[in-house]
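> As input, take final.tsv (TSV, C-alpha atoms):
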chain	number	residue	atom	x	y	z
A	1	MET	CA	-67.61	10.84	-121.09
A	2	ASN	CA	-64.03	11.15	-122.27
A	3	GLY	CA	-61.36	11.04	-119.63
A	4	PRO	CA	-59.52	8.67	-117.38
A	5	THR	CA	-60.39	7.12	-114.05
A	6	LEU	CA	-57.60	7.53	-111.51
A	7	THR	CA	-57.43	5.40	-108.38
A	8	THR	CA	-55.58	6.26	-105.17
A	9	ALA	CA	-55.45	4.40	-101.84
A	10	ARG	CA	-58.84	5.75	-100.78
A	11	LEU	CA	-60.26	7.65	-103.76
A	12	ILE	CA	-61.60	7.33	-107.29
A	13	LEU	CA	-61.19	10.33	-109.60
A	14	ARG	CA	-63.24	10.44	-112.81
A	15	PRO	CA	-64.88	13.12	-114.99
A	16	PRO	CA	-68.20	14.43	-113.63
A	17	THR	CA	-71.46	12.79	-114.74
A	18	HIS	CA	-75.10	13.72	-114.32
A	19	ALA	CA	-75.41	11.26	-111.41
A	20	ASP	CA	-73.12	13.54	-109.34
A	21	PHE	CA	-75.38	16.55	-109.60
A	22	ASP	CA	-77.42	16.32	-106.38
A	23	ASP	CA	-74.21	16.00	-104.35
A	24	TYR	CA	-72.60	18.80	-106.31
A	25	ALA	CA	-75.58	21.07	-105.65
A	26	GLN	CA	-75.54	20.16	-101.95
A	27	MET	CA	-71.92	21.23	-101.70
A	28	GLY	CA	-72.86	24.48	-103.48
A	29	ALA	CA	-75.24	25.19	-100.58
A	30	GLU	CA	-72.50	24.85	-97.90
A	31	GLU	CA	-71.56	28.38	-96.92
A	32	GLU	CA	-68.20	27.55	-95.34
A	33	THR	CA	-67.14	25.30	-98.21
A	34	MET	CA	-68.08	27.79	-100.92
A	35	ARG	CA	-66.77	30.96	-99.23
A	36	PHE	CA	-63.53	31.04	-101.20
A	37	ILE	CA	-64.52	29.04	-104.28
A	38	GLY	CA	-67.20	31.15	-105.88
A	39	GLY	CA	-69.68	31.63	-103.04
A	40	LEU	CA	-73.00	29.98	-102.26
A	41	ALA	CA	-74.54	28.61	-105.42
A	42	PRO	CA	-78.26	27.93	-105.98
A	43	ARG	CA	-79.07	24.70	-107.85
A	44	ASP	CA	-79.18	26.30	-111.28
A	45	ALA	CA	-75.78	27.95	-110.77
A	46	SER	CA	-74.35	24.66	-109.45
A	47	TRP	CA	-75.61	22.94	-112.58
A	48	ARG	CA	-73.89	25.46	-114.83
A	49	ALA	CA	-70.69	25.15	-112.80
A	50	MET	CA	-70.70	21.36	-113.06
A	51	ALA	CA	-71.57	21.52	-116.77
A	52	SER	CA	-68.59	23.82	-117.25
A	53	LEU	CA	-66.32	21.17	-115.73
A	54	ALA	CA	-67.76	18.56	-118.08
A	55	GLY	CA	-67.41	21.00	-120.98
A	56	SER	CA	-63.75	21.55	-120.14
A	57	TRP	CA	-63.18	17.79	-120.50
A	58	ALA	CA	-64.79	17.89	-123.96
A	59	LEU	CA	-62.96	20.99	-125.17
A	60	LEU	CA	-59.50	20.50	-123.67
A	61	GLY	CA	-59.31	16.80	-122.84
A	62	TYR	CA	-58.99	17.62	-119.16
A	63	GLY	CA	-60.95	19.28	-116.39
A	64	MET	CA	-61.75	18.77	-112.76
A	65	PHE	CA	-62.56	15.22	-111.67
A	66	SER	CA	-65.40	14.14	-109.45
A	67	VAL	CA	-63.90	12.60	-106.29
A	68	LEU	CA	-65.50	9.49	-104.79
A	69	ARG	CA	-64.53	7.47	-101.72
A	70	ARG	CA	-63.57	3.94	-102.66
A	71	ASP	CA	-64.97	2.43	-99.47
A	72	THR	CA	-68.46	3.96	-99.65
A	73	GLY	CA	-68.76	5.21	-103.24
A	74	GLU	CA	-69.76	8.56	-101.79
A	75	TRP	CA	-69.15	11.69	-103.92
A	76	ILE	CA	-67.06	14.05	-101.80
A	77	GLY	CA	-66.00	16.88	-104.11
A	78	ARG	CA	-64.24	17.93	-107.27
A	79	LEU	CA	-60.58	18.62	-107.99
A	80	GLY	CA	-58.05	18.51	-110.78
A	81	PRO	CA	-56.61	20.27	-113.80
A	82	TRP	CA	-58.38	23.47	-114.70
A	83	ARG	CA	-57.63	26.16	-117.23
A	84	PRO	CA	-60.88	27.63	-118.58
A	85	GLY	CA	-60.20	29.26	-121.95
A	86	GLY	CA	-57.24	26.99	-122.61
A	87	LYS	CA	-53.79	28.27	-123.51
A	88	GLU	CA	-55.15	31.25	-125.47
A	89	GLY	CA	-57.46	32.35	-122.66
A	90	GLY	CA	-56.99	34.61	-119.67
A	91	TRP	CA	-56.33	32.02	-116.94
A	92	PRO	CA	-52.97	32.68	-115.22
A	93	GLY	CA	-51.56	29.21	-115.85
A	94	ASP	CA	-52.11	25.46	-115.71
A	95	GLU	CA	-53.97	24.94	-112.44
A	96	VAL	CA	-54.77	21.98	-110.27
A	97	GLY	CA	-57.57	23.15	-108.00
A	98	TRP	CA	-59.64	21.45	-105.31
A	99	GLY	CA	-62.88	21.74	-103.36
A	100	LEU	CA	-64.37	19.11	-101.07
A	101	LYS	CA	-67.65	19.13	-99.20
A	102	ALA	CA	-67.46	19.95	-95.50
A	103	SER	CA	-67.96	16.42	-94.20
A	104	ALA	CA	-64.96	15.17	-96.21
A	105	MET	CA	-62.48	17.81	-95.04
A	106	GLY	CA	-59.71	17.23	-92.52
A	107	GLN	CA	-58.97	13.64	-93.53
A	108	GLY	CA	-56.23	14.15	-96.11
A	109	PHE	CA	-58.56	13.43	-99.03
A	110	ALA	CA	-57.79	16.71	-100.82
A	111	GLN	CA	-54.05	16.13	-100.63
A	112	GLU	CA	-54.41	12.53	-101.79
A	113	GLY	CA	-56.62	13.49	-104.74
A	114	ALA	CA	-54.65	16.60	-105.70
A	115	SER	CA	-51.39	14.59	-105.70
A	116	ALA	CA	-52.88	12.07	-108.12
A	117	ALA	CA	-54.23	14.87	-110.31
A	118	ILE	CA	-50.84	16.66	-110.37
A	119	ASP	CA	-49.08	13.39	-111.26
A	120	TRP	CA	-51.58	12.87	-114.09
A	121	ALA	CA	-51.22	16.45	-115.37
A	122	PHE	CA	-47.42	16.27	-115.47
A	123	ASP	CA	-47.34	12.72	-116.89
A	124	THR	CA	-50.16	12.95	-119.43
A	125	LEU	CA	-50.90	16.58	-120.28
A	126	GLY	CA	-47.27	17.61	-120.69
A	127	TRP	CA	-47.52	20.45	-118.21
A	128	GLU	CA	-44.20	21.93	-117.03
A	129	HIS	CA	-45.57	23.97	-114.14
A	130	VAL	CA	-48.66	23.76	-111.96
A	131	ILE	CA	-50.42	26.57	-110.11
A	132	HIS	CA	-53.19	26.86	-107.52
A	133	CYS	CA	-55.32	30.04	-107.39
A	134	ILE	CA	-56.20	30.64	-103.73
A	135	ASP	CA	-57.93	33.41	-101.80
A	136	LYS	CA	-55.53	35.02	-99.32
A	137	LYS	CA	-57.94	34.26	-96.46
A	138	ASN	CA	-58.34	30.58	-97.33
A	139	ALA	CA	-55.85	29.25	-94.79
A	140	PRO	CA	-56.68	25.52	-95.17
A	141	SER	CA	-56.12	25.66	-98.94
A	142	ILE	CA	-52.86	27.59	-98.57
A	143	ALA	CA	-51.69	24.97	-96.07
A	144	LEU	CA	-52.51	22.21	-98.55
A	145	ALA	CA	-50.67	24.00	-101.39
A	146	GLU	CA	-47.62	24.21	-99.13
A	147	ARG	CA	-47.91	20.55	-98.10
A	148	LEU	CA	-47.91	19.73	-101.81
A	149	GLY	CA	-44.64	21.66	-102.11
A	150	SER	CA	-45.98	24.74	-103.88
A	151	THR	CA	-44.83	28.22	-102.93
A	152	LEU	CA	-46.29	31.72	-103.30
A	153	GLU	CA	-45.52	33.02	-106.80
A	154	ARG	CA	-47.82	36.00	-107.41
A	155	GLU	CA	-50.24	38.03	-105.31
A	156	ASP	CA	-53.57	39.79	-105.77
A	157	LEU	CA	-54.52	38.55	-109.22
A	158	THR	CA	-58.01	38.99	-110.66
A	159	LEU	CA	-59.20	35.90	-112.52
A	160	PRO	CA	-61.35	36.20	-115.66
A	161	ALA	CA	-65.14	36.37	-115.20
A	162	PRO	CA	-67.11	34.60	-113.83
A	163	PHE	CA	-64.32	33.82	-111.36
A	164	ASP	CA	-63.50	37.51	-110.70
A	165	ALA	CA	-65.39	38.15	-107.44
A	166	HIS	CA	-62.30	37.90	-105.22
A	167	LYS	CA	-58.60	38.37	-105.90
A	168	VAL	CA	-56.38	35.33	-105.58
A	169	ASP	CA	-52.78	34.56	-104.79
A	170	ILE	CA	-50.95	32.10	-107.02
A	171	TYR	CA	-49.06	29.19	-105.51
A	172	GLY	CA	-47.15	26.83	-107.75
A	173	GLN	CA	-44.19	24.65	-108.57
A	174	SER	CA	-42.36	23.19	-111.55
A	175	LYS	CA	-42.61	19.63	-112.80
A	176	ALA	CA	-38.96	19.12	-111.83
A	177	ALA	CA	-39.61	20.28	-108.26
A	178	TRP	CA	-42.69	18.03	-108.00
A	179	ARG	CA	-40.80	15.00	-109.26
A	180	ALA	CA	-37.79	15.70	-107.03
A	181	ARG	CA	-39.93	15.64	-103.90
A	182	ALA	CA	-40.00	12.35	-102.07
A	183	ARG	CA	-43.62	11.37	-101.57
B	1	MET	CA	-60.72	16.59	-136.83
B	2	GLY	CA	-63.00	14.47	-134.71
B	3	ALA	CA	-66.13	15.31	-132.79
B	4	LEU	CA	-65.77	16.57	-129.21
B	5	HIS	CA	-68.81	14.58	-128.07
B	6	THR	CA	-71.48	12.20	-129.31
B	7	ALA	CA	-74.48	13.66	-131.14
B	8	PRO	CA	-76.74	12.72	-134.02
B	9	ARG	CA	-76.15	14.30	-137.41
B	10	LEU	CA	-79.15	16.07	-138.92
B	11	GLU	CA	-79.27	17.16	-142.53
B	12	THR	CA	-81.48	19.71	-144.22
B	13	GLU	CA	-81.39	20.87	-147.82
B	14	ARG	CA	-78.56	23.35	-147.19
B	15	LEU	CA	-77.35	22.67	-143.64
B	16	ILE	CA	-75.84	20.05	-141.35
B	17	LEU	CA	-76.55	20.01	-137.62
B	18	ARG	CA	-73.85	17.96	-135.91
B	19	ALA	CA	-71.59	17.44	-132.90
B	20	TRP	CA	-69.09	20.18	-132.12
B	21	ARG	CA	-65.53	19.87	-133.40
B	22	ALA	CA	-62.33	21.59	-132.33
B	23	GLU	CA	-62.38	23.71	-135.49
B	24	ASP	CA	-65.76	25.23	-134.49
B	25	VAL	CA	-64.21	26.94	-131.44
B	26	GLU	CA	-62.73	29.96	-133.24
B	27	PRO	CA	-65.77	30.72	-135.44
B	28	PHE	CA	-68.02	30.35	-132.37
B	29	ILE	CA	-65.85	32.85	-130.45
B	30	ALA	CA	-65.99	35.20	-133.46
B	31	MET	CA	-69.78	34.88	-133.66
B	32	MET	CA	-70.23	35.72	-129.97
B	33	ALA	CA	-68.11	38.87	-130.46
B	34	GLU	CA	-70.52	40.21	-133.11
B	35	PRO	CA	-72.60	43.02	-131.54
B	36	GLU	CA	-75.75	42.23	-133.53
B	37	VAL	CA	-75.60	38.55	-132.56
B	38	ALA	CA	-74.70	39.20	-128.93
B	39	ALA	CA	-77.42	41.82	-128.47
B	40	PHE	CA	-80.05	39.13	-127.88
B	41	LEU	CA	-77.97	36.02	-127.26
B	42	THR	CA	-75.87	36.79	-124.18
B	43	THR	CA	-76.95	37.40	-120.60
B	44	THR	CA	-75.36	40.89	-120.70
B	45	GLN	CA	-76.65	41.75	-124.19
B	46	GLN	CA	-73.00	42.66	-124.89
B	47	PRO	CA	-70.45	40.96	-127.15
B	48	LEU	CA	-68.44	38.26	-125.36
B	49	ASP	CA	-64.67	38.39	-125.15
B	50	ARG	CA	-62.64	35.28	-125.92
B	51	GLN	CA	-62.71	33.98	-122.34
B	52	ALA	CA	-66.46	34.46	-121.89
B	53	ALA	CA	-67.23	32.90	-125.27
B	54	TRP	CA	-65.08	29.89	-124.38
B	55	SER	CA	-67.03	29.53	-121.13
B	56	ALA	CA	-70.31	29.73	-123.05
B	57	LEU	CA	-69.11	26.93	-125.33
B	58	ALA	CA	-67.93	24.85	-122.34
B	59	LEU	CA	-71.47	25.16	-120.98
B	60	ILE	CA	-72.93	23.99	-124.32
B	61	LEU	CA	-70.61	20.96	-124.36
B	62	GLY	CA	-71.23	20.26	-120.67
B	63	HIS	CA	-74.97	20.32	-121.41
B	64	TRP	CA	-74.40	17.54	-123.98
B	65	ALA	CA	-72.29	15.58	-121.47
B	66	LEU	CA	-74.80	15.83	-118.62
B	67	ARG	CA	-78.10	15.73	-120.54
B	68	GLY	CA	-77.20	13.72	-123.63
B	69	HIS	CA	-78.67	16.44	-125.86
B	70	GLY	CA	-78.08	20.11	-126.47
B	71	LEU	CA	-77.25	22.77	-129.03
B	72	PHE	CA	-75.81	21.41	-132.28
B	73	ALA	CA	-73.09	23.11	-134.29
B	74	VAL	CA	-74.58	24.14	-137.63
B	75	GLU	CA	-72.56	23.91	-140.81
B	76	GLU	CA	-73.35	25.33	-144.24
B	77	LYS	CA	-73.18	22.41	-146.67
B	78	GLN	CA	-71.89	24.40	-149.62
B	79	THR	CA	-68.88	25.90	-147.81
B	80	GLY	CA	-68.44	23.71	-144.75
B	81	ALA	CA	-68.45	26.92	-142.69
B	82	PHE	CA	-69.71	27.00	-139.09
B	83	ILE	CA	-72.70	29.35	-139.07
B	84	GLY	CA	-74.38	28.98	-135.70
B	85	ARG	CA	-75.85	26.82	-132.97
B	86	PHE	CA	-79.38	25.38	-132.83
B	87	GLY	CA	-80.95	22.73	-130.64
B	88	ALA	CA	-82.24	21.86	-127.20
B	89	TRP	CA	-81.46	23.93	-124.14
B	90	ALA	CA	-82.57	22.51	-120.82
B	91	PRO	CA	-80.32	23.63	-117.97
B	92	GLU	CA	-81.33	22.90	-114.37
B	93	GLY	CA	-84.46	24.78	-113.39
B	94	ARG	CA	-86.25	24.78	-116.75
B	95	ALA	CA	-89.65	23.11	-116.76
B	96	GLU	CA	-89.51	22.33	-120.48
B	97	PRO	CA	-86.74	22.31	-123.07
B	98	GLU	CA	-86.09	25.46	-125.00
B	99	LEU	CA	-85.54	25.39	-128.73
B	100	GLY	CA	-82.43	27.56	-128.92
B	101	TRP	CA	-81.19	29.31	-132.02
B	102	GLY	CA	-78.34	31.64	-132.92
B	103	LEU	CA	-76.86	32.45	-136.31
B	104	ALA	CA	-73.62	34.25	-137.17
B	105	ARG	CA	-74.27	37.64	-138.78
B	106	ALA	CA	-72.92	36.61	-142.17
B	107	ALA	CA	-75.51	33.83	-142.39
B	108	TRP	CA	-78.56	36.03	-141.77
B	109	GLY	CA	-81.15	36.71	-144.46
B	110	LYS	CA	-80.91	33.38	-146.28
B	111	GLY	CA	-83.69	31.47	-144.56
B	112	TYR	CA	-81.15	29.37	-142.64
B	113	ALA	CA	-82.67	30.07	-139.23
B	114	VAL	CA	-86.05	28.57	-140.07
B	115	GLU	CA	-84.39	25.64	-141.86
B	116	ALA	CA	-82.11	24.80	-138.92
B	117	ALA	CA	-84.79	25.46	-136.29
B	118	ARG	CA	-87.26	23.08	-138.04
B	119	ALA	CA	-84.66	20.31	-138.12
B	120	ALA	CA	-83.70	20.89	-134.49
B	121	GLY	CA	-87.31	21.04	-133.35
B	122	ASP	CA	-88.26	17.89	-135.30
B	123	TRP	CA	-85.39	16.10	-133.59
B	124	ILE	CA	-86.26	17.35	-130.09
B	125	PHE	CA	-89.91	16.33	-130.41
B	126	ALA	CA	-88.88	12.90	-131.74
B	127	ALA	CA	-85.97	12.19	-129.39
B	128	LEU	CA	-87.03	13.84	-126.13
B	129	ALA	CA	-90.82	13.73	-126.57
B	130	PRO	CA	-91.63	16.93	-124.62
B	131	PRO	CA	-95.28	18.00	-124.69
B	132	ARG	CA	-94.15	21.45	-125.87
B	133	LEU	CA	-91.10	23.57	-126.55
B	134	SER	CA	-90.39	27.02	-125.19
B	135	SER	CA	-88.32	29.93	-126.38
B	136	PHE	CA	-87.16	32.87	-124.25
B	137	ILE	CA	-87.01	35.87	-126.58
B	138	HIS	CA	-85.84	39.37	-125.71
B	139	ALA	CA	-88.80	41.77	-125.84
B	140	ALA	CA	-87.01	43.89	-128.47
B	141	ASN	CA	-85.85	40.98	-130.64
B	142	ALA	CA	-88.31	41.33	-133.51
B	143	ARG	CA	-86.38	38.95	-135.81
B	144	SER	CA	-86.55	36.09	-133.32
B	145	GLN	CA	-90.20	36.79	-132.59
B	146	ALA	CA	-90.95	36.57	-136.31
B	147	LEU	CA	-89.04	33.29	-136.54
B	148	ALA	CA	-90.89	31.88	-133.52
B	149	ALA	CA	-94.25	32.84	-135.05
B	150	ARG	CA	-93.29	31.19	-138.33
B	151	LEU	CA	-92.40	28.00	-136.43
B	152	GLY	CA	-95.82	27.89	-134.78
B	153	PHE	CA	-94.80	29.32	-131.38
B	154	ARG	CA	-97.12	31.74	-129.59
B	155	ALA	CA	-96.13	34.41	-127.05
B	156	GLU	CA	-97.69	33.23	-123.79
B	157	ALA	CA	-96.04	35.15	-120.99
B	158	GLU	CA	-93.60	37.90	-120.11
B	159	THR	CA	-90.75	37.51	-117.69
B	160	TYR	CA	-87.52	39.05	-116.55
B	161	HIS	CA	-84.74	36.82	-117.81
B	162	ALA	CA	-80.99	37.45	-118.06
B	163	GLY	CA	-81.54	40.92	-116.66
B	164	ALA	CA	-83.91	42.03	-119.41
B	165	PRO	CA	-87.60	41.83	-120.33
B	166	HIS	CA	-88.28	38.63	-122.25
B	167	GLN	CA	-91.29	36.93	-123.76
B	168	ILE	CA	-91.85	33.22	-123.24
B	169	TRP	CA	-93.03	31.66	-126.47
B	170	ARG	CA	-94.34	28.10	-126.57
B	171	VAL	CA	-95.40	25.57	-129.16
B	172	ALA	CA	-97.22	22.30	-128.46
B	173	LYS	CA	-96.28	19.19	-130.38
B	174	ALA	CA	-99.65	19.24	-132.17
B	175	ASP	CA	-98.94	22.75	-133.47
B	176	TRP	CA	-95.41	22.03	-134.62
B	177	PRO	CA	-95.24	22.36	-138.42
B	178	ARG	CA	-94.24	19.27	-140.33
Would it be possible to restate this file's structure as structure tokens?


Amino acid sequence: MNGPTLTTARLILRPPTHADFDDYAQMGAEEETMRFIGGLAPRDASWRAMASLAGSWALLGYGMFSVLRRDTGEWIGRLGPWRPGGKEGGWPGDEVGWGLKASAMGQGFAQEGASAAIDWAFDTLGWEHVIHCIDKKNAPSIALAERLGSTLEREDLTLPAPFDAHKVDIYGQSKAAWRARAR
Amino acid sequence: MGALHTAPRLETERLILRAWRAEDVEPFIAMMAEPEVAAFLTTTQQPLDRQAAWSALALILGHWALRGHGLFAVEEKQTGAFIGRFGAWAPEGRAEPELGWGLARAAWGKGYAVEAARAAGDWIFAALAPPRLSSFIHAANARSQALAARLGFRAEAETYHAGAPHQIWRVAKADWPR
């Protein structure tokens, strides 16, 4: 699989592989986790979702990473650069998105992984601005976007199908703002 | 331009089945916007817009990444033009691989479908060694049913698939023409 492996203090980020699928499908069955990121997904829908991430890597040279804990090797979620359709498509911008399984939440993993992914997107993909598409009711994700330094930019957007079930708000920041922040 | 993934290259008299390349993206999007093609090839039976076609292609490429096989891009030797996608389709939940086919409208009526489907089926039986291949065909898709029959498939069951009545056609390895 094309794509880099990024390493942070506690995490490994790499493109998804078939070995991740059982964990991916398990996360798709967590109601709380999936509420704002597409809803509960049966195994076949989880497979298509994960294949779409892998397909994004092939088509665009980027896509969401699988996130693994360095200490245990455990798969804990997926996050990273995401713009289905590419520049000519209907996505509202260059996104770094995130979703971790329930047992991995609340430990700063999402912030740690998203920071590495944003660094990589600005350094390697040449992005000038990053956005996060977040459901208005998804308070933990909004809090993370704000901890990353992003601010509310647009409200009540409908994403292209099949991501059009709920409206989202757009949080974001420029490359200059990201780089100016002391981290 | 280079291939977007690893895949074998299959040659027939008039066609090449190969890995997808960046320059196949636009003709694939155009093909999926053709009403006659989309009528039996999409889950809505409607033409796909650019975004939906891109997502369909991402799924095809993700299938290659996760499974190591999938639908090949098909190129007409004489012109180098992209004319369709043929190959294995085995997303999660399928008991046996499907032999998938789909040809851009401009390439119909030349015998390309049977030529590409034979090459793809030969490869699937050799590389994946399934006891049989299936094909989900829309109940009203007479052209595909005729192609399946010509390839040795038989209609074995009816099902509701992608929101529409479909027939499940199957062919055992022993009945595959060679």

> Tell me as a VMD selection string which residues belonging to chain A come within 12 Å of chain B, counting only C-alpha atoms.

chain A and resid 1 to 3 15 to 22 25 42 to 63 83 to 91 159 to 164

> Could you tell me how far CA of Gly77 (chain A) sits from CA of Arg181 (chain A), in Å to one decimal place?

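About the pair CA of Arg181 (chain A) and CA of Gly77 (chain A): they are 26.1 Å apart.
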
> Kindly provide the residues of region 4-94 of chain A that approach region 119-138 of chain A to within 10 Å, each paired with its closest atom pair and their distance in Å to one decimal, based on all atoms listed in the file, listed by chain and increasing number, as a Markdown table.


| residue | atom | partner | partner_atom | distance |
| --- | --- | --- | --- | --- |
| A:Pro4 | CA | A:Trp120 | CA | 9.6 |
| A:Leu6 | CA | A:Trp120 | CA | 8.5 |
| A:Arg35 | CA | A:Asn138 | CA | 8.6 |
| A:Phe36 | CA | A:Asp135 | CA | 6.1 |
| A:Ile37 | CA | A:Asp135 | CA | 8.3 |
| A:Gly61 | CA | A:Leu125 | CA | 8.8 |
| A:Tyr62 | CA | A:Leu125 | CA | 8.2 |
| A:Gly80 | CA | A:Ala121 | CA | 8.5 |
| A:Pro81 | CA | A:Ala121 | CA | 6.8 |
| A:Trp82 | CA | A:His132 | CA | 9.5 |
| A:Trp91 | CA | A:Cys133 | CA | 9.8 |
| A:Pro92 | CA | A:Ile131 | CA | 8.4 |
| A:Gly93 | CA | A:Ile131 | CA | 6.4 |
| A:Asp94 | CA | A:Val130 | CA | 5.4 |

> Those same residues, written as a PDB file, in the coordinates of the input with C-alpha atoms?


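Saved the output as part_1.pdb:
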ATOM      1  CA  PRO A   4     -59.520   8.670-117.380  1.00  0.00           C
ATOM      2  CA  LEU A   6     -57.600   7.530-111.510  1.00  0.00           C
ATOM      3  CA  ARG A  35     -66.770  30.960 -99.230  1.00  0.00           C
ATOM      4  CA  PHE A  36     -63.530  31.040-101.200  1.00  0.00           C
ATOM      5  CA  ILE A  37     -64.520  29.040-104.280  1.00  0.00           C
ATOM      6  CA  GLY A  61     -59.310  16.800-122.840  1.00  0.00           C
ATOM      7  CA  TYR A  62     -58.990  17.620-119.160  1.00  0.00           C
ATOM      8  CA  GLY A  80     -58.050  18.510-110.780  1.00  0.00           C
ATOM      9  CA  PRO A  81     -56.610  20.270-113.800  1.00  0.00           C
ATOM     10  CA  TRP A  82     -58.380  23.470-114.700  1.00  0.00           C
ATOM     11  CA  TRP A  91     -56.330  32.020-116.940  1.00  0.00           C
ATOM     12  CA  PRO A  92     -52.970  32.680-115.220  1.00  0.00           C
ATOM     13  CA  GLY A  93     -51.560  29.210-115.850  1.00  0.00           C
ATOM     14  CA  ASP A  94     -52.110  25.460-115.710  1.00  0.00           C
TER      15      ASP A  94
END

> Measuring between only C-alpha atoms, which one of B:Leu103, B:Ala7, B:Thr42, B:Ala113 shows the shortest distance to Phe72 (chain B)?

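Selected residue with least distance to Phe72 (chain B): B:Ala7.
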
> Please provide the set of residues having any atom within 9 Å of Glu155 (chain A), restricted to only C-alpha atoms, with same-chain residues fewer than 2 positions apart removed, written as number ranges by chain.

A: 136, 152-153, 157, 167-171

> Set the distance at 9 Å and use all atoms listed in the file: which residues neighbour Gln46 (chain B) once local chain neighbours fewer than 3 positions away are removed? I'd like the list as a list in words.

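Non-adjacent residues within range: Ala33, Glu34, Pro35, Ala38, Ala39, Phe40, Leu41, Thr42 and Thr43 of chain B.
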
> In terms of the shortest atom-to-atom distance over only C-alpha atoms, which of A:Leu13, A:Ala29, A:Glu74, A:Thr5 is closest to Glu112 (chain A)?

A:Leu13

> Which value, in Å to one decimal, gives the distance between CA of Ala106 (chain B) and CA of Met31 (chain B)?

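Value for the CA of Ala106 (chain B)-CA of Met31 (chain B) distance: 9.2 Å.
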